[in-house]
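S.K.: Quick one: the structure is below, and I'll ask about it shortly.
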Amino acid sequence: MKRFAASLLGALLLAGGLATPAVAQGGGDLQGKLDKKLAEGWIKDPLWITDYDEAKQKAGESGKLIFGYFTRSYSY
Amino acid sequence: MESGPLSTPEFKEFAKEVVLFCHITTRIAGRKHDGLLSEKGGRGFPYLVVMDAKGDVLSTVQNRSVAGFRAAVETAQAYVDLATKEDRTPAEEVQLIEAELGLGKTTPADALKRLDGLTGADEAVVKKLRDTIAAKEFDAVITKRLEGIRQASSQEEADAIVAEIGAEFWEAYQAGKRPSDDMQTATTFYSLLMQYGIMKKNAGSARAGLDGIVAMHGDNPQAKPQIEKFRKQVEEVEAGSK
């Protein structure tokens, strides 16, 4: 649904004459927001690796594929 | 995601089979790999992919459930098995070209060249892939045409954009061109086709756009109310053109 809404939005905004500026969300204490994100319970599971190079190295060593989850902290 | 599928016992089991990597876009200036999302083809959050040890994306998660995660891993593993297999059959070669096309590992032009040099593959399968390649090429045309035009600053400007691009898309549609099943590209294409049809009272364009949207999103219950609104608008155009 999100993708539906997002892609339709692009087209509908054209029709509606609304601008879609690349609004910089977040701002403020970005490091603090990251720290808050990293303090969440789910990510404290030691199986999660947040360093890209380390994840690639571990995948190379173990022969496993990397399951990548991309999220953000700046809009915390 | 985080309090849902990623926190279930099933996910913990799944996690043992892969290397779990969480990337956090922070917008902290100078932070290493902060732009990784777009490097890996992500356009929004959350974005879930399966990658190899080099960081190449091998599949993307379509269904955000543990079953969907497993399906994405299976797709990626099937690709790895195919790509590393020696003495591929012509049918497997076609599969590999198709997979690499989907992953962006080969361009439509290169895929065509490889297909041209292939003998012994099922003609119907090859034709299907040629159609897919043509759709990918058309996707590129659509994307290029839409570059930098989403900043309409007035209703008049927006209407002019829809009129201009909609006319081009309608002409292409009538010439038999269709986007691939890439959700975003196809939805934008058909939305513009529909809007152009509604704006210009062009029943053919309006209907083609609506049908395209329904084909992509008709089975999504959450999209239903919006689709019904579109349907009414299109039917009004059709009624007016009779």
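By order in the structure tokens, chains are A, B, ...; within a chain, residues start at 1; ligands start at 1, following the order shown.
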Can you list every residue in region 28-94 of chain B that DSSP puts in alpha helix (DSSP H), as a PDB file with all heavy atoms, in the first residue's frame?
M.R.:
```
ATOM      1  N   LEU B  36      23.975   4.390   1.915  1.00  0.00           N
ATOM      2  CA  LEU B  36      23.923   3.013   1.398  1.00  0.00           C
ATOM      3  C   LEU B  36      22.538   2.641   0.845  1.00  0.00           C
ATOM      4  O   LEU B  36      22.436   1.865  -0.099  1.00  0.00           O
ATOM      5  CB  LEU B  36      24.321   2.036   2.510  1.00  0.00           C
ATOM      6  CG  LEU B  36      24.711   0.636   2.058  1.00  0.00           C
ATOM      7  CD1 LEU B  36      26.002   0.666   1.241  1.00  0.00           C
ATOM      8  CD2 LEU B  36      24.907  -0.289   3.260  1.00  0.00           C
ATOM      9  N   LEU B  37      21.494   3.195   1.427  1.00  0.00           N
ATOM     10  CA  LEU B  37      20.130   2.863   0.983  1.00  0.00           C
ATOM     11  C   LEU B  37      19.987   3.069  -0.524  1.00  0.00           C
ATOM     12  O   LEU B  37      19.573   2.164  -1.251  1.00  0.00           O
ATOM     13  CB  LEU B  37      19.105   3.730   1.729  1.00  0.00           C
ATOM     14  CG  LEU B  37      17.667   3.596   1.210  1.00  0.00           C
ATOM     15  CD1 LEU B  37      17.016   2.320   1.731  1.00  0.00           C
ATOM     16  CD2 LEU B  37      16.825   4.805   1.594  1.00  0.00           C
ATOM     17  N   SER B  38      20.331   4.252  -0.998  1.00  0.00           N
ATOM     18  CA  SER B  38      20.161   4.514  -2.434  1.00  0.00           C
ATOM     19  C   SER B  38      21.167   3.727  -3.265  1.00  0.00           C
ATOM     20  O   SER B  38      20.861   3.310  -4.378  1.00  0.00           O
ATOM     21  CB  SER B  38      20.261   6.013  -2.728  1.00  0.00           C
ATOM     22  OG  SER B  38      21.508   6.494  -2.314  1.00  0.00           O
ATOM     23  N   GLU B  39      22.359   3.484  -2.705  1.00  0.00           N
ATOM     24  CA  GLU B  39      23.347   2.668  -3.433  1.00  0.00           C
ATOM     25  C   GLU B  39      22.805   1.268  -3.699  1.00  0.00           C
ATOM     26  O   GLU B  39      23.164   0.635  -4.689  1.00  0.00           O
ATOM     27  CB  GLU B  39      24.652   2.534  -2.623  1.00  0.00           C
ATOM     28  CG  GLU B  39      25.533   3.765  -2.641  1.00  0.00           C
ATOM     29  CD  GLU B  39      26.728   3.586  -1.708  1.00  0.00           C
ATOM     30  OE1 GLU B  39      27.250   2.464  -1.609  1.00  0.00           O
ATOM     31  OE2 GLU B  39      27.109   4.578  -1.059  1.00  0.00           O
ATOM     32  N   VAL B  66       8.052 -13.148   7.742  1.00  0.00           N
ATOM     33  CA  VAL B  66       9.184 -14.079   7.761  1.00  0.00           C
ATOM     34  C   VAL B  66       9.116 -15.000   6.536  1.00  0.00           C
ATOM     35  O   VAL B  66      10.137 -15.320   5.931  1.00  0.00           O
ATOM     36  CB  VAL B  66       9.224 -14.876   9.078  1.00  0.00           C
ATOM     37  CG1 VAL B  66      10.350 -15.896   9.056  1.00  0.00           C
ATOM     38  CG2 VAL B  66       9.420 -13.917  10.262  1.00  0.00           C
ATOM     39  N   ALA B  67       7.902 -15.375   6.147  1.00  0.00           N
ATOM     40  CA  ALA B  67       7.759 -16.202   4.934  1.00  0.00           C
ATOM     41  C   ALA B  67       8.288 -15.428   3.722  1.00  0.00           C
ATOM     42  O   ALA B  67       8.949 -16.003   2.842  1.00  0.00           O
ATOM     43  CB  ALA B  67       6.301 -16.580   4.735  1.00  0.00           C
ATOM     44  N   GLY B  68       7.997 -14.150   3.686  1.00  0.00           N
ATOM     45  CA  GLY B  68       8.489 -13.305   2.591  1.00  0.00           C
ATOM     46  C   GLY B  68      10.006 -13.166   2.621  1.00  0.00           C
ATOM     47  O   GLY B  68      10.664 -13.135   1.573  1.00  0.00           O
ATOM     48  N   PHE B  69      10.569 -13.094   3.824  1.00  0.00           N
ATOM     49  CA  PHE B  69      12.034 -12.997   3.960  1.00  0.00           C
ATOM     50  C   PHE B  69      12.679 -14.278   3.424  1.00  0.00           C
ATOM     51  O   PHE B  69      13.663 -14.232   2.695  1.00  0.00           O
ATOM     52  CB  PHE B  69      12.455 -12.803   5.425  1.00  0.00           C
ATOM     53  CG  PHE B  69      11.833 -11.622   6.125  1.00  0.00           C
ATOM     54  CD1 PHE B  69      11.802 -11.558   7.515  1.00  0.00           C
ATOM     55  CD2 PHE B  69      11.287 -10.570   5.402  1.00  0.00           C
ATOM     56  CE1 PHE B  69      11.239 -10.472   8.169  1.00  0.00           C
ATOM     57  CE2 PHE B  69      10.714  -9.477   6.051  1.00  0.00           C
ATOM     58  CZ  PHE B  69      10.687  -9.437   7.439  1.00  0.00           C
ATOM     59  N   ARG B  70      12.065 -15.404   3.797  1.00  0.00           N
ATOM     60  CA  ARG B  70      12.599 -16.691   3.327  1.00  0.00           C
ATOM     61  C   ARG B  70      12.500 -16.793   1.808  1.00  0.00           C
ATOM     62  O   ARG B  70      13.416 -17.288   1.153  1.00  0.00           O
ATOM     63  CB  ARG B  70      11.815 -17.851   3.958  1.00  0.00           C
ATOM     64  CG  ARG B  70      12.180 -18.145   5.371  1.00  0.00           C
ATOM     65  CD  ARG B  70      11.555 -19.460   5.834  1.00  0.00           C
ATOM     66  NE  ARG B  70      11.599 -19.570   7.283  1.00  0.00           N
ATOM     67  CZ  ARG B  70      12.669 -19.875   7.978  1.00  0.00           C
ATOM     68  NH1 ARG B  70      13.792 -20.120   7.344  1.00  0.00           N
ATOM     69  NH2 ARG B  70      12.641 -19.924   9.294  1.00  0.00           N
ATOM     70  N   ALA B  71      11.398 -16.332   1.276  1.00  0.00           N
ATOM     71  CA  ALA B  71      11.215 -16.387  -0.184  1.00  0.00           C
ATOM     72  C   ALA B  71      12.304 -15.568  -0.880  1.00  0.00           C
ATOM     73  O   ALA B  71      12.855 -15.989  -1.906  1.00  0.00           O
ATOM     74  CB  ALA B  71       9.824 -15.875  -0.555  1.00  0.00           C
ATOM     75  N   ALA B  72      12.621 -14.416  -0.314  1.00  0.00           N
ATOM     76  CA  ALA B  72      13.658 -13.561  -0.915  1.00  0.00           C
ATOM     77  C   ALA B  72      15.025 -14.237  -0.847  1.00  0.00           C
ATOM     78  O   ALA B  72      15.822 -14.157  -1.787  1.00  0.00           O
ATOM     79  CB  ALA B  72      13.693 -12.205  -0.203  1.00  0.00           C
ATOM     80  N   VAL B  73      15.286 -14.913   0.267  1.00  0.00           N
ATOM     81  CA  VAL B  73      16.563 -15.630   0.407  1.00  0.00           C
ATOM     82  C   VAL B  73      16.622 -16.782  -0.604  1.00  0.00           C
ATOM     83  O   VAL B  73      17.653 -17.016  -1.248  1.00  0.00           O
ATOM     84  CB  VAL B  73      16.755 -16.155   1.855  1.00  0.00           C
ATOM     85  CG1 VAL B  73      17.955 -17.088   1.945  1.00  0.00           C
ATOM     86  CG2 VAL B  73      16.934 -14.985   2.818  1.00  0.00           C
ATOM     87  N   GLU B  74      15.496 -17.477  -0.765  1.00  0.00           N
ATOM     88  CA  GLU B  74      15.458 -18.586  -1.737  1.00  0.00           C
ATOM     89  C   GLU B  74      15.700 -18.077  -3.150  1.00  0.00           C
ATOM     90  O   GLU B  74      16.424 -18.692  -3.939  1.00  0.00           O
ATOM     91  CB  GLU B  74      14.115 -19.313  -1.648  1.00  0.00           C
ATOM     92  CG  GLU B  74      14.045 -20.271  -0.471  1.00  0.00           C
ATOM     93  CD  GLU B  74      12.633 -20.773  -0.189  1.00  0.00           C
ATOM     94  OE1 GLU B  74      11.776 -20.682  -1.092  1.00  0.00           O
ATOM     95  OE2 GLU B  74      12.394 -21.235   0.944  1.00  0.00           O
ATOM     96  N   THR B  75      15.099 -16.954  -3.482  1.00  0.00           N
ATOM     97  CA  THR B  75      15.306 -16.360  -4.815  1.00  0.00           C
ATOM     98  C   THR B  75      16.785 -16.032  -5.015  1.00  0.00           C
ATOM     99  O   THR B  75      17.362 -16.307  -6.074  1.00  0.00           O
ATOM    100  CB  THR B  75      14.465 -15.066  -4.962  1.00  0.00           C
ATOM    101  OG1 THR B  75      13.097 -15.399  -4.780  1.00  0.00           O
ATOM    102  CG2 THR B  75      14.658 -14.414  -6.320  1.00  0.00           C
ATOM    103  N   ALA B  76      17.370 -15.440  -3.983  1.00  0.00           N
ATOM    104  CA  ALA B  76      18.788 -15.060  -4.070  1.00  0.00           C
ATOM    105  C   ALA B  76      19.663 -16.299  -4.213  1.00  0.00           C
ATOM    106  O   ALA B  76      20.585 -16.329  -5.039  1.00  0.00           O
ATOM    107  CB  ALA B  76      19.189 -14.270  -2.824  1.00  0.00           C
ATOM    108  N   GLN B  77      19.351 -17.328  -3.430  1.00  0.00           N
ATOM    109  CA  GLN B  77      20.165 -18.554  -3.478  1.00  0.00           C
ATOM    110  C   GLN B  77      20.024 -19.239  -4.838  1.00  0.00           C
ATOM    111  O   GLN B  77      21.012 -19.750  -5.392  1.00  0.00           O
ATOM    112  CB  GLN B  77      19.744 -19.500  -2.347  1.00  0.00           C
ATOM    113  CG  GLN B  77      20.694 -20.669  -2.142  1.00  0.00           C
ATOM    114  CD  GLN B  77      22.124 -20.230  -1.827  1.00  0.00           C
ATOM    115  OE1 GLN B  77      22.341 -19.499  -0.875  1.00  0.00           O
ATOM    116  NE2 GLN B  77      23.094 -20.641  -2.643  1.00  0.00           N
ATOM    117  N   ALA B  78      18.811 -19.213  -5.374  1.00  0.00           N
ATOM    118  CA  ALA B  78      18.587 -19.824  -6.696  1.00  0.00           C
ATOM    119  C   ALA B  78      19.417 -19.097  -7.748  1.00  0.00           C
ATOM    120  O   ALA B  78      19.985 -19.728  -8.655  1.00  0.00           O
ATOM    121  CB  ALA B  78      17.104 -19.763  -7.048  1.00  0.00           C
ATOM    122  N   TYR B  79      19.489 -17.780  -7.605  1.00  0.00           N
ATOM    123  CA  TYR B  79      20.308 -17.010  -8.552  1.00  0.00           C
ATOM    124  C   TYR B  79      21.787 -17.389  -8.423  1.00  0.00           C
ATOM    125  O   TYR B  79      22.465 -17.621  -9.427  1.00  0.00           O
ATOM    126  CB  TYR B  79      20.133 -15.500  -8.322  1.00  0.00           C
ATOM    127  CG  TYR B  79      21.172 -14.720  -9.077  1.00  0.00           C
ATOM    128  CD1 TYR B  79      21.063 -14.569 -10.450  1.00  0.00           C
ATOM    129  CD2 TYR B  79      22.295 -14.207  -8.435  1.00  0.00           C
ATOM    130  CE1 TYR B  79      22.050 -13.902 -11.178  1.00  0.00           C
ATOM    131  CE2 TYR B  79      23.281 -13.550  -9.142  1.00  0.00           C
ATOM    132  CZ  TYR B  79      23.142 -13.398 -10.508  1.00  0.00           C
ATOM    133  OH  TYR B  79      24.122 -12.753 -11.220  1.00  0.00           O
ATOM    134  N   VAL B  80      22.259 -17.472  -7.191  1.00  0.00           N
ATOM    135  CA  VAL B  80      23.675 -17.825  -6.962  1.00  0.00           C
ATOM    136  C   VAL B  80      23.969 -19.203  -7.572  1.00  0.00           C
ATOM    137  O   VAL B  80      24.975 -19.390  -8.265  1.00  0.00           O
ATOM    138  CB  VAL B  80      24.002 -17.835  -5.440  1.00  0.00           C
ATOM    139  CG1 VAL B  80      25.386 -18.416  -5.191  1.00  0.00           C
ATOM    140  CG2 VAL B  80      23.917 -16.420  -4.876  1.00  0.00           C
ATOM    141  N   ASP B  81      23.073 -20.154  -7.329  1.00  0.00           N
ATOM    142  CA  ASP B  81      23.263 -21.516  -7.852  1.00  0.00           C
ATOM    143  C   ASP B  81      23.329 -21.508  -9.376  1.00  0.00           C
ATOM    144  O   ASP B  81      24.162 -22.176  -9.982  1.00  0.00           O
ATOM    145  CB  ASP B  81      22.121 -22.431  -7.381  1.00  0.00           C
ATOM    146  CG  ASP B  81      22.156 -22.647  -5.872  1.00  0.00           C
ATOM    147  OD1 ASP B  81      23.187 -22.334  -5.254  1.00  0.00           O
ATOM    148  OD2 ASP B  81      21.138 -23.107  -5.319  1.00  0.00           O
ATOM    149  N   LEU B  82      22.434 -20.726  -9.975  1.00  0.00           N
ATOM    150  CA  LEU B  82      22.375 -20.655 -11.444  1.00  0.00           C
ATOM    151  C   LEU B  82      23.626 -19.970 -12.013  1.00  0.00           C
ATOM    152  O   LEU B  82      24.218 -20.438 -12.993  1.00  0.00           O
ATOM    153  CB  LEU B  82      21.118 -19.862 -11.833  1.00  0.00           C
ATOM    154  CG  LEU B  82      20.571 -20.024 -13.240  1.00  0.00           C
ATOM    155  CD1 LEU B  82      20.279 -21.477 -13.565  1.00  0.00           C
ATOM    156  CD2 LEU B  82      19.294 -19.197 -13.388  1.00  0.00           C
ATOM    157  N   ALA B  83      23.999 -18.878 -11.376  1.00  0.00           N
ATOM    158  CA  ALA B  83      25.129 -18.089 -11.884  1.00  0.00           C
ATOM    159  C   ALA B  83      26.447 -18.849 -11.777  1.00  0.00           C
ATOM    160  O   ALA B  83      27.358 -18.633 -12.574  1.00  0.00           O
ATOM    161  CB  ALA B  83      25.219 -16.765 -11.125  1.00  0.00           C
ATOM    162  N   THR B  84      26.544 -19.736 -10.789  1.00  0.00           N
ATOM    163  CA  THR B  84      27.812 -20.445 -10.582  1.00  0.00           C
ATOM    164  C   THR B  84      27.814 -21.825 -11.245  1.00  0.00           C
ATOM    165  O   THR B  84      28.826 -22.517 -11.222  1.00  0.00           O
ATOM    166  CB  THR B  84      28.097 -20.607  -9.066  1.00  0.00           C
ATOM    167  OG1 THR B  84      26.959 -21.221  -8.457  1.00  0.00           O
ATOM    168  CG2 THR B  84      28.360 -19.273  -8.413  1.00  0.00           C
ATOM    169  N   PRO B  90      20.247 -24.144 -22.343  1.00  0.00           N
ATOM    170  CA  PRO B  90      19.713 -22.895 -22.904  1.00  0.00           C
ATOM    171  C   PRO B  90      18.587 -22.310 -22.041  1.00  0.00           C
ATOM    172  O   PRO B  90      18.504 -21.101 -21.857  1.00  0.00           O
ATOM    173  CB  PRO B  90      19.195 -23.327 -24.279  1.00  0.00           C
ATOM    174  CG  PRO B  90      20.033 -24.507 -24.645  1.00  0.00           C
ATOM    175  CD  PRO B  90      20.295 -25.220 -23.350  1.00  0.00           C
ATOM    176  N   ALA B  91      17.739 -23.187 -21.505  1.00  0.00           N
ATOM    177  CA  ALA B  91      16.635 -22.705 -20.656  1.00  0.00           C
ATOM    178  C   ALA B  91      17.184 -22.019 -19.405  1.00  0.00           C
ATOM    179  O   ALA B  91      16.677 -20.971 -18.973  1.00  0.00           O
ATOM    180  CB  ALA B  91      15.736 -23.870 -20.262  1.00  0.00           C
ATOM    181  N   GLU B  92      18.231 -22.595 -18.835  1.00  0.00           N
ATOM    182  CA  GLU B  92      18.839 -21.984 -17.639  1.00  0.00           C
ATOM    183  C   GLU B  92      19.531 -20.669 -17.995  1.00  0.00           C
ATOM    184  O   GLU B  92      19.535 -19.729 -17.203  1.00  0.00           O
ATOM    185  CB  GLU B  92      19.839 -22.961 -17.011  1.00  0.00           C
ATOM    186  CG  GLU B  92      19.162 -24.128 -16.310  1.00  0.00           C
ATOM    187  CD  GLU B  92      20.126 -25.222 -15.894  1.00  0.00           C
ATOM    188  OE1 GLU B  92      21.241 -25.306 -16.487  1.00  0.00           O
ATOM    189  OE2 GLU B  92      19.778 -26.011 -15.005  1.00  0.00           O
ATOM    190  N   GLU B  93      20.091 -20.629 -19.191  1.00  0.00           N
ATOM    191  CA  GLU B  93      20.745 -19.391 -19.629  1.00  0.00           C
ATOM    192  C   GLU B  93      19.703 -18.266 -19.736  1.00  0.00           C
ATOM    193  O   GLU B  93      19.967 -17.130 -19.319  1.00  0.00           O
ATOM    194  CB  GLU B  93      21.416 -19.636 -21.005  1.00  0.00           C
ATOM    195  CG  GLU B  93      22.466 -18.625 -21.375  1.00  0.00           C
ATOM    196  CD  GLU B  93      23.643 -18.562 -20.395  1.00  0.00           C
ATOM    197  OE1 GLU B  93      24.126 -19.618 -19.968  1.00  0.00           O
ATOM    198  OE2 GLU B  93      24.055 -17.431 -20.061  1.00  0.00           O
ATOM    199  N   VAL B  94      18.544 -18.607 -20.265  1.00  0.00           N
ATOM    200  CA  VAL B  94      17.458 -17.615 -20.355  1.00  0.00           C
ATOM    201  C   VAL B  94      17.050 -17.167 -18.956  1.00  0.00           C
ATOM    202  O   VAL B  94      16.871 -15.977 -18.697  1.00  0.00           O
ATOM    203  CB  VAL B  94      16.233 -18.191 -21.122  1.00  0.00           C
ATOM    204  CG1 VAL B  94      15.059 -17.222 -21.057  1.00  0.00           C
ATOM    205  CG2 VAL B  94      16.596 -18.483 -22.575  1.00  0.00           C
TER     206      VAL B  94
END
```
S.K.: Quick one: contact table of chain B to chain A, 7 Å max, nearest atom pair and distance in Å to one decimal per residue, counting only C-alpha atoms, chain and number order, as JSON lines?
M.R.:
```
{"residue": "B:Glu2", "atom": "CA", "partner": "A:Trp42", "partner_atom": "CA", "distance": 6.7}
{"residue": "B:Ser7", "atom": "CA", "partner": "A:Trp42", "partner_atom": "CA", "distance": 6.4}
{"residue": "B:Glu17", "atom": "CA", "partner": "A:Lys64", "partner_atom": "CA", "distance": 7.0}
{"residue": "B:Val18", "atom": "CA", "partner": "A:Lys64", "partner_atom": "CA", "distance": 5.3}
{"residue": "B:Val19", "atom": "CA", "partner": "A:Ile66", "partner_atom": "CA", "distance": 4.6}
{"residue": "B:Leu20", "atom": "CA", "partner": "A:Trp48", "partner_atom": "CA", "distance": 5.0}
{"residue": "B:Phe21", "atom": "CA", "partner": "A:Ile49", "partner_atom": "CA", "distance": 4.8}
{"residue": "B:Cys22", "atom": "CA", "partner": "A:Tyr69", "partner_atom": "CA", "distance": 4.8}
{"residue": "B:His23", "atom": "CA", "partner": "A:Phe70", "partner_atom": "CA", "distance": 4.8}
{"residue": "B:Ile24", "atom": "CA", "partner": "A:Arg72", "partner_atom": "CA", "distance": 4.6}
{"residue": "B:Thr25", "atom": "CA", "partner": "A:Arg72", "partner_atom": "CA", "distance": 4.4}
{"residue": "B:Thr26", "atom": "CA", "partner": "A:Tyr74", "partner_atom": "CA", "distance": 5.1}
{"residue": "B:Arg27", "atom": "CA", "partner": "A:Tyr74", "partner_atom": "CA", "distance": 6.4}
{"residue": "B:Ile28", "atom": "CA", "partner": "A:Leu30", "partner_atom": "CA", "distance": 6.1}
{"residue": "B:Leu37", "atom": "CA", "partner": "A:Phe70", "partner_atom": "CA", "distance": 6.7}
{"residue": "B:Phe45", "atom": "CA", "partner": "A:Thr71", "partner_atom": "CA", "distance": 5.8}
{"residue": "B:Pro46", "atom": "CA", "partner": "A:Thr71", "partner_atom": "CA", "distance": 5.4}
{"residue": "B:Tyr47", "atom": "CA", "partner": "A:Phe70", "partner_atom": "CA", "distance": 5.0}
{"residue": "B:Leu48", "atom": "CA", "partner": "A:Tyr69", "partner_atom": "CA", "distance": 4.7}
{"residue": "B:Val49", "atom": "CA", "partner": "A:Gly68", "partner_atom": "CA", "distance": 5.1}
{"residue": "B:Val50", "atom": "CA", "partner": "A:Phe67", "partner_atom": "CA", "distance": 4.7}
{"residue": "B:Met51", "atom": "CA", "partner": "A:Ile66", "partner_atom": "CA", "distance": 4.9}
{"residue": "B:Asp52", "atom": "CA", "partner": "A:Leu65", "partner_atom": "CA", "distance": 5.2}
{"residue": "B:Ala53", "atom": "CA", "partner": "A:Lys56", "partner_atom": "CA", "distance": 4.7}
{"residue": "B:Lys54", "atom": "CA", "partner": "A:Lys56", "partner_atom": "CA", "distance": 6.2}
{"residue": "B:Gly55", "atom": "CA", "partner": "A:Lys56", "partner_atom": "CA", "distance": 6.5}
{"residue": "B:Arg150", "atom": "CA", "partner": "A:Thr20", "partner_atom": "CA", "distance": 6.5}
{"residue": "B:Gln151", "atom": "CA", "partner": "A:Ala19", "partner_atom": "CA", "distance": 4.9}
{"residue": "B:Ala152", "atom": "CA", "partner": "A:Ala19", "partner_atom": "CA", "distance": 5.3}
{"residue": "B:Ser153", "atom": "CA", "partner": "A:Ala19", "partner_atom": "CA", "distance": 5.5}
{"residue": "B:Ser154", "atom": "CA", "partner": "A:Gly17", "partner_atom": "CA", "distance": 5.1}
{"residue": "B:Gln155", "atom": "CA", "partner": "A:Gly17", "partner_atom": "CA", "distance": 4.0}
{"residue": "B:Glu157", "atom": "CA", "partner": "A:Gly17", "partner_atom": "CA", "distance": 6.9}
{"residue": "B:Ala158", "atom": "CA", "partner": "A:Gly17", "partner_atom": "CA", "distance": 4.7}
{"residue": "B:Asp159", "atom": "CA", "partner": "A:Ala15", "partner_atom": "CA", "distance": 5.8}
{"residue": "B:Val162", "atom": "CA", "partner": "A:Ala15", "partner_atom": "CA", "distance": 6.5}
{"residue": "B:Gln184", "atom": "CA", "partner": "A:Ser7", "partner_atom": "CA", "distance": 5.3}
{"residue": "B:Thr187", "atom": "CA", "partner": "A:Ser7", "partner_atom": "CA", "distance": 6.1}
{"residue": "B:Thr188", "atom": "CA", "partner": "A:Ala11", "partner_atom": "CA", "distance": 5.7}
{"residue": "B:Ser191", "atom": "CA", "partner": "A:Ala11", "partner_atom": "CA", "distance": 6.1}
{"residue": "B:Leu192", "atom": "CA", "partner": "A:Ala11", "partner_atom": "CA", "distance": 6.0}
{"residue": "B:Gln222", "atom": "CA", "partner": "A:Met1", "partner_atom": "CA", "distance": 6.5}
{"residue": "B:Ala223", "atom": "CA", "partner": "A:Met1", "partner_atom": "CA", "distance": 6.6}
```
S.K.: Can you tell me how far CA of Glu236 (chain B) sits from CA of Ala172 (chain B), in Å to one decimal?
M.R.: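 Separation between CA of Glu236 (chain B) and CA of Ala172 (chain B): 24.2 Å.
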S.K.: How many Å separate CA of Phe14 (chain B) from CA of Asp182 (chain B)?
M.R.: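 Distance between the two atoms: 27.4 Å.
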S.K.: How many Å separate CA of Leu103 (chain B) from CA of Lys16 (chain B)?
M.R.: 25.2 Å
